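**Student:** Input structure: final_12.cif, which contains mmCIF, C-alpha atoms.
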data_protein
#
loop_
_atom_site.label_atom_id
_atom_site.label_comp_id
_atom_site.auth_asym_id
_atom_site.auth_seq_id
_atom_site.Cartn_x
_atom_site.Cartn_y
_atom_site.Cartn_z
CA MET A 937 48.55 21.12 -39.63
CA ILE A 938 51.92 22.62 -39.00
CA THR A 939 53.60 21.05 -36.05
CA THR A 940 53.01 17.68 -34.69
CA GLU A 941 56.00 16.94 -32.65
CA PHE A 942 57.29 14.43 -30.26
CA GLU A 943 57.44 15.49 -26.69
CA PRO A 944 60.42 17.74 -26.29
CA THR A 945 63.43 15.80 -25.08
CA PRO A 946 64.58 17.17 -21.79
CA ALA A 947 68.13 17.75 -22.92
CA GLN A 948 70.59 19.26 -20.46
CA ASP A 949 70.74 22.57 -22.19
CA GLY A 950 67.00 22.77 -22.36
CA TYR A 951 66.83 22.45 -26.12
CA GLN A 952 63.49 21.53 -27.59
CA VAL A 953 63.93 19.18 -30.45
CA LYS A 954 61.33 19.04 -33.14
CA LEU A 955 61.73 15.58 -34.60
CA GLN A 956 59.36 15.55 -37.45
CA ILE A 957 56.86 17.82 -38.98
CA PHE A 958 53.96 16.16 -40.69
CA GLU A 959 51.39 17.84 -42.80
CA GLY A 960 48.68 15.40 -41.80
CA PRO A 961 47.85 11.77 -41.17
CA LEU A 962 48.63 10.76 -44.75
CA ASP A 963 52.01 12.42 -44.51
CA LEU A 964 52.72 10.51 -41.33
CA LEU A 965 51.58 7.21 -42.86
CA LEU A 966 53.78 7.80 -45.87
CA PHE A 967 56.72 8.48 -43.60
CA LEU A 968 56.13 5.26 -41.63
CA ILE A 969 55.74 3.25 -44.83
CA LYS A 970 59.08 4.55 -46.08
CA LYS A 971 60.77 4.08 -42.73
CA LYS A 972 59.64 0.48 -42.50
CA LYS A 973 60.33 -0.11 -46.21
CA ILE A 974 56.81 -1.42 -46.65
CA ASN A 975 55.33 -2.29 -50.03
CA ILE A 976 52.52 0.18 -50.34
CA HIS A 977 50.27 -2.35 -52.10
CA ASN A 978 50.61 -4.90 -49.34
CA ILE A 979 50.64 -2.95 -46.12
CA PRO A 980 50.84 -5.02 -42.93
CA ILE A 981 48.07 -3.15 -41.15
CA ALA A 982 49.05 -4.43 -37.71
CA VAL A 983 52.60 -3.12 -38.03
CA ILE A 984 51.61 0.24 -39.44
CA THR A 985 48.83 0.72 -36.88
CA ARG A 986 51.23 0.00 -34.03
CA GLU A 987 53.74 2.48 -35.39
CA TYR A 988 51.07 5.05 -35.98
CA LEU A 989 49.61 4.78 -32.49
CA GLU A 990 53.10 4.79 -31.04
CA TYR A 991 53.66 8.09 -32.72
CA LEU A 992 50.41 9.55 -31.42
CA SER A 993 51.20 8.41 -27.90
CA HIS A 994 54.30 10.57 -27.95
CA LYS A 995 52.06 13.54 -27.93
CA GLU A 996 51.10 14.72 -24.53
CA ARG A 997 47.65 15.79 -25.58
CA ILE A 998 45.75 15.90 -28.75
CA ASN A 999 44.46 19.22 -29.84
CA LEU A 1000 41.09 18.23 -31.24
CA ASP A 1001 40.75 21.28 -33.42
CA ARG A 1002 43.98 20.75 -35.22
CA GLU A 1003 44.63 17.08 -34.85
CA ALA A 1004 41.28 15.36 -35.10
CA GLU A 1005 42.38 14.11 -38.51
CA PHE A 1006 45.17 12.09 -36.92
CA LEU A 1007 42.66 10.37 -34.65
CA LEU A 1008 40.30 9.71 -37.51
CA MET A 1009 43.08 7.92 -39.34
CA ALA A 1010 43.89 5.85 -36.25
CA ALA A 1011 40.26 4.78 -36.09
CA LEU A 1012 40.31 3.90 -39.78
CA LEU A 1013 43.44 1.78 -39.37
CA ILE A 1014 41.92 -0.15 -36.53
CA TYR A 1015 38.71 -0.60 -38.49
CA ILE A 1016 40.63 -1.98 -41.46
CA LYS A 1017 42.51 -4.36 -39.19
CA SER A 1018 39.24 -5.64 -37.72
CA GLN A 1019 37.89 -6.18 -41.23
CA MET A 1020 40.94 -8.21 -42.09
CA LEU A 1021 40.60 -10.36 -39.03
CA LEU A 1022 37.13 -11.51 -40.01
CA PRO A 1023 37.22 -15.16 -41.00
CA ARG A 1024 36.72 -15.68 -44.72
CA GLU A 1025 36.15 -18.76 -46.77
CA GLN A 1026 38.22 -17.52 -49.66
CA PRO A 1027 41.39 -15.45 -49.76
CA ILE A 1028 40.82 -11.71 -50.03
CA GLU A 1029 40.37 -10.54 -53.58
CA PRO A 1030 42.20 -7.35 -54.56
CA ASP A 1031 39.10 -5.25 -55.15
CA VAL A 1032 37.44 -6.20 -51.90
CA ASP A 1033 40.63 -5.76 -49.94
CA PRO A 1034 39.63 -3.51 -47.02
CA ARG A 1035 42.95 -1.73 -47.43
CA LYS A 1036 42.31 -0.72 -51.00
CA GLU A 1037 40.64 2.61 -50.37
CA LEU A 1038 43.35 3.72 -48.00
CA VAL A 1039 46.11 2.58 -50.33
CA ASP A 1040 44.54 4.55 -53.18
CA ARG A 1041 44.46 7.62 -51.00
CA ILE A 1042 48.09 7.23 -49.97
CA VAL A 1043 49.19 6.74 -53.57
CA ASP A 1044 47.23 9.82 -54.60
CA TYR A 1045 48.74 11.80 -51.79
CA GLN A 1046 52.21 10.60 -52.72
CA LYS A 1047 51.66 11.96 -56.22
CA ILE A 1048 50.75 15.34 -54.80
CA LYS A 1049 53.91 15.27 -52.68
CA ALA A 1050 56.00 14.47 -55.74
CA ALA A 1051 54.34 17.33 -57.63
CA CYS A 1052 55.13 19.59 -54.68
CA SER A 1053 58.83 18.91 -54.94
CA VAL A 1054 58.75 19.67 -58.67
CA LEU A 1055 56.85 22.90 -58.08
CA ARG A 1056 59.22 23.89 -55.28
CA GLU A 1057 62.18 23.52 -57.65
CA LYS A 1058 60.42 25.65 -60.22
CA GLU A 1059 59.59 28.23 -57.58
CA ASP A 1060 63.28 28.37 -56.63
CA GLU A 1061 64.30 28.83 -60.25
CA MET A 1062 61.71 31.51 -60.84
CA SER A 1063 62.63 33.35 -57.67
CA GLN A 1064 66.00 34.14 -59.25
CA ILE A 1065 64.79 35.61 -62.47
CA TRP A 1066 63.20 39.00 -62.74
CA LYS A 1067 60.71 40.41 -65.14
CA ARG A 1068 59.87 43.99 -65.83
CA THR A 1069 56.77 43.66 -63.65
CA ALA A 1070 59.21 44.17 -60.80
CA LEU A 1071 59.48 47.81 -61.81
CA THR A 1072 57.07 50.33 -60.42
CA ALA A 1073 53.90 50.40 -62.44
CA PRO A 1074 52.02 53.57 -63.30
CA PHE A 1075 48.86 54.49 -61.44
CA PRO A 1076 47.00 51.23 -60.91
CA GLU A 1077 43.87 50.59 -62.90
CA GLU A 1078 40.92 49.28 -61.00
CA ASP A 1079 41.12 45.84 -62.50
CA LEU A 1080 44.87 45.33 -62.22
CA ASP A 1081 46.23 42.44 -60.27
CA LEU A 1082 46.54 44.35 -57.03
CA ILE A 1083 46.72 43.13 -53.53
CA GLU A 1084 45.28 45.31 -50.86
CA VAL A 1085 47.48 44.70 -47.87
CA SER A 1086 46.45 43.79 -44.38
CA LEU A 1087 47.44 45.46 -41.18
CA PHE A 1088 49.96 42.69 -40.63
CA ASP A 1089 51.75 43.41 -43.89
CA LEU A 1090 52.00 47.05 -42.93
CA ALA A 1091 53.21 46.26 -39.44
CA GLU A 1092 55.74 43.78 -40.77
CA SER A 1093 57.11 46.35 -43.19
CA PHE A 1094 57.26 48.89 -40.43
CA PHE A 1095 59.14 46.63 -38.06
CA THR A 1096 61.67 45.68 -40.73
CA LEU A 1097 62.31 49.36 -41.19
CA MET A 1098 62.64 49.96 -37.47
CA LYS A 1099 65.11 47.12 -37.20
CA ARG A 1100 67.17 48.59 -39.99
CA LYS A 1101 67.04 51.98 -38.34
CA GLN A 1102 68.20 50.58 -35.05
CA SER A 1103 71.54 49.66 -36.51
CA GLU A 1104 72.09 53.16 -37.85
CA SER A 1105 74.04 55.51 -35.62
CA GLN A 1106 71.66 57.61 -33.65
CA ARG A 1107 71.77 61.30 -33.10
CA ILE A 1108 69.46 62.51 -30.45
CA ILE A 1109 68.10 65.90 -31.20
CA LYS A 1110 65.52 67.40 -29.03
CA GLY A 1111 62.61 66.68 -31.24
CA LYS A 1112 60.03 69.15 -32.26
CA GLU A 1113 56.66 68.20 -30.97
CA ILE A 1114 54.45 66.97 -33.71
CA SER A 1115 50.80 66.11 -33.49
CA MET A 1116 48.95 63.44 -35.37
CA ALA A 1117 46.71 66.04 -36.95
CA GLU A 1118 49.69 67.87 -38.42
CA LYS A 1119 51.26 64.70 -39.69
CA THR A 1120 48.00 63.50 -41.20
CA ASN A 1121 47.68 66.80 -43.07
CA GLU A 1122 51.24 66.49 -44.28
CA ILE A 1123 50.59 62.99 -45.60
CA VAL A 1124 47.41 64.05 -47.37
CA VAL A 1125 49.24 66.97 -48.99
CA VAL A 1126 51.99 64.66 -50.23
CA LEU A 1127 49.42 62.22 -51.55
CA LYS A 1128 47.54 64.97 -53.35
CA GLU A 1129 50.73 66.25 -54.93
CA ARG A 1130 52.32 63.00 -55.90
CA GLY A 1131 49.34 60.71 -56.15
CA PHE A 1132 50.96 58.02 -54.06
CA LEU A 1133 53.75 57.37 -51.64
CA ASP A 1134 55.95 54.42 -50.97
CA PHE A 1135 55.08 53.26 -47.49
CA LEU A 1136 58.61 52.31 -46.40
CA GLU A 1137 60.40 55.12 -48.17
CA TYR A 1138 58.15 57.66 -46.56
CA LEU A 1139 58.64 56.33 -43.06
CA ASP A 1140 62.35 55.96 -43.69
CA ALA A 1141 62.55 59.61 -44.67
CA GLN A 1142 61.17 60.77 -41.33
CA GLU A 1143 63.68 62.67 -39.26
CA THR A 1144 63.22 60.93 -35.98
CA LEU A 1145 61.98 57.61 -34.78
CA GLU A 1146 59.17 59.37 -33.02
CA GLU A 1147 58.09 61.09 -36.18
CA ALA A 1148 58.20 57.81 -38.09
CA LEU A 1149 56.02 56.22 -35.43
CA ILE A 1150 53.53 59.04 -35.63
CA ALA A 1151 53.50 58.82 -39.42
CA PHE A 1152 52.84 55.10 -39.14
CA PHE A 1153 49.88 55.64 -36.85
CA CYS A 1154 48.54 58.39 -39.09
CA LEU A 1155 48.67 56.07 -42.06
CA LEU A 1156 46.84 53.38 -40.10
CA GLU A 1157 44.18 55.92 -39.15
CA LEU A 1158 43.82 57.06 -42.74
CA ILE A 1159 43.44 53.49 -43.90
CA LYS A 1160 40.90 52.81 -41.21
CA ALA A 1161 38.93 55.89 -42.23
CA ARG A 1162 39.09 54.53 -45.78
CA LEU A 1163 40.59 57.75 -47.06
CA VAL A 1164 43.65 56.04 -48.45
CA VAL A 1165 44.34 52.55 -49.66
CA ALA A 1166 47.52 50.56 -49.17
CA ILE A 1167 48.35 48.37 -52.09
CA GLN A 1168 51.02 45.95 -53.14
CA GLU A 1169 51.24 45.99 -56.90
CA GLN A 1170 52.60 42.52 -56.84
CA LEU A 1171 53.01 39.95 -54.21
CA PHE A 1172 56.12 40.51 -52.08
CA HIS A 1173 56.73 44.00 -53.40
CA THR A 1174 56.89 47.32 -51.65
CA ILE A 1175 53.65 48.68 -50.31
CA LYS A 1176 52.27 51.86 -51.78
CA VAL A 1177 49.68 54.16 -50.36
CA TRP A 1178 47.18 55.86 -52.64
CA LEU A 1179 44.45 58.36 -52.00
CA ARG A 1180 41.14 56.69 -52.56
CA LYS A 1181 39.57 58.01 -55.73
CA ASP A 1182 36.18 58.29 -54.13
CA ALA A 1183 37.50 59.93 -50.99
CA MET B 48 59.01 37.92 -94.63
CA MET B 49 59.15 41.49 -93.42
CA GLU B 50 62.75 42.51 -93.08
CA ASN B 51 62.60 43.81 -89.54
CA LEU B 52 59.84 41.54 -88.26
CA ARG B 53 62.06 40.17 -85.50
CA GLU B 54 62.86 43.68 -84.29
CA ILE B 55 59.22 44.70 -84.34
CA ILE B 56 58.33 41.72 -82.19
CA GLU B 57 61.27 42.50 -79.94
CA ALA B 58 59.86 45.99 -79.41
CA LEU B 59 56.39 44.61 -78.68
CA ILE B 60 57.69 42.17 -76.10
CA PHE B 61 59.88 44.86 -74.60
CA ILE B 62 57.01 47.23 -73.85
CA SER B 63 54.72 44.44 -72.60
CA VAL B 64 54.86 43.99 -68.87
CA GLU B 65 52.67 40.90 -68.98
CA PRO B 66 53.67 37.94 -71.19
CA LEU B 67 52.83 38.82 -74.80
CA THR B 68 50.97 36.09 -76.64
CA THR B 69 51.34 35.36 -80.33
CA ALA B 70 47.63 36.12 -80.63
CA LYS B 71 48.33 39.68 -79.44
CA MET B 72 51.25 39.96 -81.88
CA LYS B 73 48.91 38.93 -84.66
CA GLU B 74 46.48 41.68 -83.67
CA VAL B 75 49.26 44.20 -84.24
CA LEU B 76 50.78 42.55 -87.30
CA THR B 77 47.57 41.88 -89.17
CA ASP B 78 49.17 41.51 -92.59
CA VAL B 79 51.91 39.12 -91.53
CA PRO B 80 51.21 35.40 -91.92
CA GLU B 81 51.13 33.50 -88.64
CA PRO B 82 53.98 31.07 -89.43
CA ASP B 83 56.24 34.06 -90.13
CA ILE B 84 55.47 35.56 -86.72
CA GLU B 85 56.09 32.26 -85.01
CA GLN B 86 59.38 31.78 -86.78
CA ALA B 87 60.50 35.31 -85.98
CA VAL B 88 59.68 34.76 -82.31
CA ARG B 89 61.68 31.54 -82.28
CA GLU B 90 64.64 33.26 -83.89
CA LEU B 91 64.42 36.11 -81.43
CA VAL B 92 64.33 33.77 -78.45
CA THR B 93 67.34 31.84 -79.79
CA ARG B 94 69.25 35.04 -80.44
CA TYR B 95 68.89 36.13 -76.82
CA GLU B 96 69.53 32.60 -75.59
CA SER B 97 72.80 32.31 -77.52
CA SER B 98 74.11 35.72 -76.55
CA ASN B 99 75.90 36.20 -73.27
CA GLY B 100 73.73 39.13 -72.26
CA ALA B 101 71.88 39.48 -69.00
CA ILE B 102 68.48 39.40 -70.65
CA ARG B 103 66.56 36.62 -72.27
CA ILE B 104 63.04 35.97 -73.44
CA ILE B 105 61.08 33.34 -71.56
CA GLN B 106 57.84 31.69 -72.53
CA THR B 107 55.33 31.68 -69.72
CA ALA B 108 51.55 31.54 -69.34
CA GLY B 109 51.26 31.25 -73.11
CA GLY B 110 53.23 34.41 -73.87
CA TYR B 111 56.71 35.85 -74.12
CA VAL B 112 58.36 38.19 -71.67
CA PHE B 113 61.84 39.59 -71.05
CA SER B 114 63.59 38.38 -67.94
CA THR B 115 67.00 38.58 -66.34
CA ARG B 116 69.23 35.54 -65.98
CA PRO B 117 69.47 33.93 -62.54
CA VAL B 118 73.09 35.06 -61.95
CA TYR B 119 71.95 38.66 -61.70
CA ASP B 120 69.38 37.93 -59.02
CA PRO B 121 71.47 39.29 -56.11
CA TYR B 122 72.04 42.62 -57.87
CA VAL B 123 68.42 43.08 -58.89
CA ARG B 124 67.32 42.37 -55.36
CA ARG B 125 69.76 44.96 -54.07
CA LEU B 126 68.35 47.50 -56.49
CA LEU B 127 64.76 46.75 -55.54
CA GLN B 128 65.68 46.39 -51.86
CA ILE B 129 64.15 42.98 -51.57
CA GLU B 130 66.02 40.71 -49.21
CA ARG B 131 64.64 37.55 -50.65
CA LYS B 132 61.46 36.52 -52.33
CA LYS B 133 58.96 34.87 -50.06
CA LYS B 134 58.20 31.24 -50.73
CA LEU B 135 54.91 29.45 -50.37
CA SER B 136 54.47 27.52 -47.14
CA VAL B 137 54.45 23.72 -47.28
CA GLN B 138 50.69 23.63 -46.64
CA ALA B 139 49.96 26.21 -49.29
CA LEU B 140 52.15 24.45 -51.85
CA GLU B 141 50.57 21.07 -51.09
CA THR B 142 47.09 22.54 -51.43
CA LEU B 143 48.07 24.27 -54.65
CA SER B 144 49.43 21.05 -56.18
CA ALA B 145 46.23 19.28 -55.22
CA VAL B 146 44.17 22.00 -56.92
CA ALA B 147 46.42 21.97 -59.99
CA TYR B 148 46.08 18.22 -60.48
CA HIS B 149 42.43 17.82 -59.59
CA GLN B 150 40.87 21.02 -60.89
CA PRO B 151 38.08 21.99 -61.04
CA VAL B 152 37.85 20.96 -57.42
CA THR B 153 36.05 21.82 -54.17
CA GLN B 154 37.40 22.49 -50.70
CA ALA B 155 36.03 19.17 -49.42
CA GLU B 156 37.74 17.25 -52.21
CA ILE B 157 41.08 18.97 -51.55
CA SER B 158 40.79 18.29 -47.83
CA ALA B 159 40.06 14.62 -48.54
CA ILE B 160 43.08 14.31 -50.82
CA ARG B 161 45.38 15.87 -48.24
CA GLY B 162 43.69 14.26 -45.24
CA VAL B 163 43.75 17.70 -43.64
CA ASP B 164 41.27 20.54 -43.54
CA SER B 165 42.43 22.92 -46.27
CA THR B 166 40.07 25.87 -45.85
CA TYR B 167 42.76 28.18 -44.58
CA SER B 168 45.33 27.26 -47.24
CA LEU B 169 42.76 27.79 -49.98
CA HIS B 170 42.02 31.19 -48.54
CA THR B 171 45.71 32.15 -48.60
CA LEU B 172 46.05 30.95 -52.20
CA LEU B 173 42.96 32.92 -53.19
CA GLU B 174 44.42 36.03 -51.60
CA ASN B 175 47.64 35.52 -53.51
CA LYS B 176 45.63 35.01 -56.69
CA LEU B 177 47.25 31.68 -57.40
CA ILE B 178 43.80 30.09 -57.53
CA LYS B 179 40.36 31.44 -58.33
CA ILE B 180 36.75 30.51 -57.78
CA VAL B 181 35.15 29.43 -61.03
CA GLY B 182 31.67 28.62 -59.84
CA ARG B 183 29.68 26.22 -57.72
CA LYS B 184 29.31 22.51 -57.98
CA GLU B 185 25.86 21.04 -58.50
CA ALA B 186 26.10 18.98 -55.35
CA PRO B 187 24.64 19.19 -51.85
CA GLY B 188 25.52 22.56 -50.34
CA ARG B 189 26.55 23.88 -53.76
CA PRO B 190 30.23 24.13 -52.77
CA LEU B 191 32.62 26.55 -54.46
CA VAL B 192 34.85 25.20 -57.20
CA TYR B 193 38.48 26.26 -57.56
CA ARG B 194 40.96 26.43 -60.41
CA THR B 195 44.52 27.65 -60.79
CA THR B 196 45.08 31.08 -62.37
CA GLU B 197 47.41 32.49 -65.00
CA LYS B 198 49.44 33.92 -62.17
CA PHE B 199 49.96 30.34 -61.01
CA LEU B 200 51.57 29.62 -64.38
CA THR B 201 53.84 32.68 -64.34
CA TYR B 202 54.73 32.10 -60.70
CA PHE B 203 56.16 28.69 -61.49
CA GLY B 204 57.37 29.59 -64.99
CA LEU B 205 54.95 27.20 -66.65
CA ASN B 206 53.69 27.84 -70.13
CA SER B 207 50.41 26.02 -69.69
CA ILE B 208 48.81 23.59 -67.27
CA GLU B 209 50.03 20.76 -69.52
CA ASP B 210 53.57 21.71 -68.48
CA LEU B 211 52.98 20.19 -65.06
CA PRO B 212 54.75 16.86 -64.67
CA SER B 213 52.58 14.05 -66.03
CA GLU B 214 51.34 11.04 -64.06
CA GLU B 215 54.22 8.98 -65.50
CA GLU B 216 56.81 11.56 -64.53
CA LEU B 217 55.39 11.71 -61.02
CA LYS B 218 55.45 7.95 -60.77
CA LYS B 219 59.09 7.95 -61.80
CA LEU B 220 59.85 10.56 -59.16
CA MET B 221 58.06 8.48 -56.53
CA GLU B 222 60.02 5.37 -57.46
CA GLU B 223 63.31 7.26 -57.28
CA GLU B 224 62.34 8.46 -53.86
CA ASN B 225 61.36 5.00 -52.71
CA THR B 226 64.65 3.42 -53.65
#
Do you think you could lay out the structure here as structure tokens?
**Tutor:**
Amino acid sequence: MITTEFEPTPAQDGYQVKLQIFEGPLDLLLFLIKKKKINIHNIPIAVITREYLEYLSHKERINLDREAEFLLMAALLIYIKSQMLLPREQPIEPDVDPRKELVDRIVDYQKIKAACSVLREKEDEMSQIWKRTALTAPFPEEDLDLIEVSLFDLAESFFTLMKRKQSESQRIIKGKEISMAEKTNEIVVVLKERGFLDFLEYLDAQETLEEALIAFFCLLELIKARLVVAIQEQLFHTIKVWLRKDA
Amino acid sequence: MMENLREIIEALIFISVEPLTTAKMKEVLTDVPEPDIEQAVRELVTRYESSNGAIRIIQTAGGYVFSTRPVYDPYVRRLLQIERKKKLSVQALETLSAVAYHQPVTQAEISAIRGVDSTYSLHTLLENKLIKIVGRKEAPGRPLVYRTTEKFLTYFGLNSIEDLPSEEELKKLMEEENT
């Protein structure tokens, strides 16, 4: 669940304000508990349910696919409240407290959230140090830790390149006409000679935008025909194109 | 102890792209007693740590590997033409923590912990090789069981899964946050 937002405030300048982003119903509950400074082991169900429903009512509609979990939690809260309203002869004992299961889940979830913040810090630290794996590796073995990239990775790379190219000063030269067949041949020749090519470098080296575009389409065609394979040796690294061994 | 043991180990770590474990070192240095190797490694790590050089040796996923110091990050990125390293999304990170703390674990269990369907996040993590499928659970539907990978350890610079903050540490963190 990515965005669960309050209705956009109709500000004068037409800004849409995203007030809070919650990962799910537990995230929202945790937020409300903190906001109301509630003791997690003695949650006033009435208060929290009201707050929770209030939050849901801010949403214009509920997308059942993505937000059914929020409704499920609302139902659970109301159920717990009804359980607590039942007349009892003796005060509620801790282990039959109808809130117990939910509290356990929230506490568990809170732990995961805490672990997340630790891991995020570590991720930040690690993102600033580099190991030699960052260097280009020799021809990949079959069982190496390789990531075959999706069309979206390729397209994203391509668009980054195009953006970069846009800012470069442009010379317009009446381009030579180039066909996809020619370009495909050229790519295959390069691949046969060198074994691989760096996806971005290759496109970057094209003389004109048009040629780069054609080269991009050729590569897509080659990938589709399963003649070449596009691989990222490591996550977030440059994409390389290899001839398929069996092709 | 062999006179140049430290230097030999230095060479071994240098040519290893993946973290080099002491077990691997022992395979190479068959006639050197284990405590000697371990001491040499410690000395080597300290030597790099105490120098002002750009390189140090870090311990990760049970092995040793050369790495640059954080200050040089901007220059390395310029060399490799990487604008910035991508970070895991909030959902992916939350799912990953849940797997790390509850492994071996199924999709349904993760979704219950998070209160949100986690199929997609698990798929992303699998693709990024931060988790792996280790089998099926003997339960209705025989659901797949997930675990974190070695890449998970190196990604976060952890030496082993025990390096994750303990229950007590998490509790402390939670209390700090609550006050």
**Student:** Nearest residue to Gly162 (chain B) out of A:Lys1017, A:Lys971, A:Lys1036, A:Arg1041, using all atoms listed in the file?
**Tutor:**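 The shortest atom-to-atom distance to Gly162 (chain B) comes from A:Arg1041.
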**Student:** Could you give me, as a Markdown table, every chain A residue with an atom at most 8 Å from chain B, plus its closest atom pair and distance in Å to one decimal, counting all atoms listed in the file, rows ordered by chain then number?
**Tutor:**
| residue | atom | partner | partner_atom | distance |
| --- | --- | --- | --- | --- |
| A:Met937 | CA | B:Val163 | CA | 7.1 |
| A:Ile938 | CA | B:Gln138 | CA | 7.8 |
| A:Glu959 | CA | B:Gln138 | CA | 7.0 |
| A:Gly960 | CA | B:Val163 | CA | 5.7 |
| A:Pro961 | CA | B:Gly162 | CA | 6.3 |
| A:Leu962 | CA | B:Gly162 | CA | 6.1 |
| A:Lys970 | CA | B:Asn225 | CA | 7.0 |
| A:Glu1005 | CA | B:Val163 | CA | 6.4 |
| A:Arg1041 | CA | B:Ile160 | CA | 6.8 |
| A:Asp1044 | CA | B:Ile160 | CA | 7.2 |
| A:Tyr1045 | CA | B:Ile160 | CA | 6.3 |
| A:Gln1046 | CA | B:Met221 | CA | 7.3 |
| A:Lys1047 | CA | B:Leu217 | CA | 6.1 |
| A:Ile1048 | CA | B:Ala145 | CA | 6.0 |
| A:Lys1049 | CA | B:Glu141 | CA | 6.9 |
| A:Ala1050 | CA | B:Leu217 | CA | 6.0 |
| A:Ala1051 | CA | B:Ser144 | CA | 6.3 |
| A:Cys1052 | CA | B:Glu141 | CA | 6.0 |
| A:Val1054 | CA | B:Pro212 | CA | 7.7 |
| A:Leu1055 | CA | B:Phe203 | CA | 6.8 |
| A:Arg1056 | CA | B:Leu140 | CA | 7.9 |
| A:Lys1058 | CA | B:Phe203 | CA | 5.4 |
| A:Glu1059 | CA | B:Phe203 | CA | 5.2 |
| A:Glu1061 | CA | B:Pro117 | CA | 7.6 |
| A:Met1062 | CA | B:Phe203 | CA | 6.3 |
| A:Ser1063 | CA | B:Lys132 | CA | 6.3 |
| A:Gln1064 | CA | B:Pro117 | CA | 4.8 |
| A:Ile1065 | CA | B:Pro117 | CA | 5.0 |
| A:Trp1066 | CA | B:Thr115 | CA | 5.3 |
| A:Lys1067 | CA | B:Ser114 | CA | 4.5 |
| A:Arg1068 | CA | B:Val64 | CA | 5.9 |
| A:Thr1069 | CA | B:Val64 | CA | 5.6 |
| A:Ile1083 | CA | B:Asn175 | CA | 7.7 |
| A:Leu1171 | CA | B:Asn175 | CA | 7.0 |
| A:Phe1172 | CA | B:Lys133 | CA | 6.6 |
| A:His1173 | CA | B:Ile129 | CA | 7.7 |
**Student:** Any idea what's packed within 9 Å of region 987-991 of chain A, counting only C-alpha atoms, ignoring anything in its chain fewer than 3 positions away? Could you give it as a list in words?
**Tutor:**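 Answer for this query is Phe942, Leu964, Leu965, Leu968, Ala982, Val983, Ile984, His994, Lys995, Ala1010 and Leu1013 of chain A.
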**Student:** Which of these residues is nearest to Phe1153 (chain A), using all atoms listed in the file: A:Ala1117, A:Val1165, A:Ile981, A:Met1020?
**Tutor:**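 The shortest atom-to-atom distance to Phe1153 (chain A) comes from A:Ala1117.
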**Student:** Calculated over only C-alpha atoms, which of the candidates B:Pro187, B:Ala58, B:Arg53, B:Leu76 has the smallest distance to Arg94 (chain B)?
**Tutor:**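 Of all the options, B:Arg53 lies closest to Arg94 (chain B).
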**Student:** Of the candidates B:Ile157, B:Ala108, B:Val192, B:Ile60, which shows the shortest atom-to-atom distance to Leu91 (chain B), using only C-alpha atoms?
**Tutor:**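 Among the listed residues, the smallest separation from Leu91 (chain B) belongs to B:Ile60.
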**Student:** Generate the missing atoms of region 83-94 of chain B up to N, CA and C atoms and report them as a PDB file, in the coordinates of the input.
**Tutor:**
ATOM      1  N   ASP B  83      55.121  33.115 -90.118  1.00  0.00           N
ATOM      2  CA  ASP B  83      56.240  34.060 -90.130  1.00  0.00           C
ATOM      3  C   ASP B  83      56.461  34.635 -88.732  1.00  0.00           C
ATOM      4  N   ILE B  84      55.358  35.008 -88.079  1.00  0.00           N
ATOM      5  CA  ILE B  84      55.470  35.560 -86.720  1.00  0.00           C
ATOM      6  C   ILE B  84      56.108  34.521 -85.806  1.00  0.00           C
ATOM      7  N   GLU B  85      55.580  33.305 -85.898  1.00  0.00           N
ATOM      8  CA  GLU B  85      56.090  32.260 -85.010  1.00  0.00           C
ATOM      9  C   GLU B  85      57.574  32.008 -85.231  1.00  0.00           C
ATOM     10  N   GLN B  86      57.960  32.013 -86.498  1.00  0.00           N
ATOM     11  CA  GLN B  86      59.380  31.780 -86.780  1.00  0.00           C
ATOM     12  C   GLN B  86      60.238  32.919 -86.256  1.00  0.00           C
ATOM     13  N   ALA B  87      59.748  34.139 -86.450  1.00  0.00           N
ATOM     14  CA  ALA B  87      60.500  35.310 -85.980  1.00  0.00           C
ATOM     15  C   ALA B  87      60.679  35.262 -84.462  1.00  0.00           C
ATOM     16  N   VAL B  88      59.590  34.854 -83.767  1.00  0.00           N
ATOM     17  CA  VAL B  88      59.680  34.760 -82.310  1.00  0.00           C
ATOM     18  C   VAL B  88      60.738  33.736 -81.912  1.00  0.00           C
ATOM     19  N   ARG B  89      60.697  32.589 -82.594  1.00  0.00           N
ATOM     20  CA  ARG B  89      61.680  31.540 -82.280  1.00  0.00           C
ATOM     21  C   ARG B  89      63.103  32.046 -82.479  1.00  0.00           C
ATOM     22  N   GLU B  90      63.300  32.733 -83.595  1.00  0.00           N
ATOM     23  CA  GLU B  90      64.640  33.260 -83.890  1.00  0.00           C
ATOM     24  C   GLU B  90      65.085  34.251 -82.825  1.00  0.00           C
ATOM     25  N   LEU B  91      64.129  35.085 -82.434  1.00  0.00           N
ATOM     26  CA  LEU B  91      64.420  36.110 -81.430  1.00  0.00           C
ATOM     27  C   LEU B  91      64.830  35.461 -80.107  1.00  0.00           C
ATOM     28  N   VAL B  92      64.042  34.465 -79.713  1.00  0.00           N
ATOM     29  CA  VAL B  92      64.330  33.770 -78.450  1.00  0.00           C
ATOM     30  C   VAL B  92      65.722  33.147 -78.514  1.00  0.00           C
ATOM     31  N   THR B  93      66.022  32.495 -79.633  1.00  0.00           N
ATOM     32  CA  THR B  93      67.340  31.840 -79.790  1.00  0.00           C
ATOM     33  C   THR B  93      68.453  32.881 -79.760  1.00  0.00           C
ATOM     34  N   ARG B  94      68.200  34.021 -80.402  1.00  0.00           N
ATOM     35  CA  ARG B  94      69.250  35.040 -80.440  1.00  0.00           C
ATOM     36  C   ARG B  94      69.625  35.480 -79.029  1.00  0.00           C
TER      37      ARG B  94
END
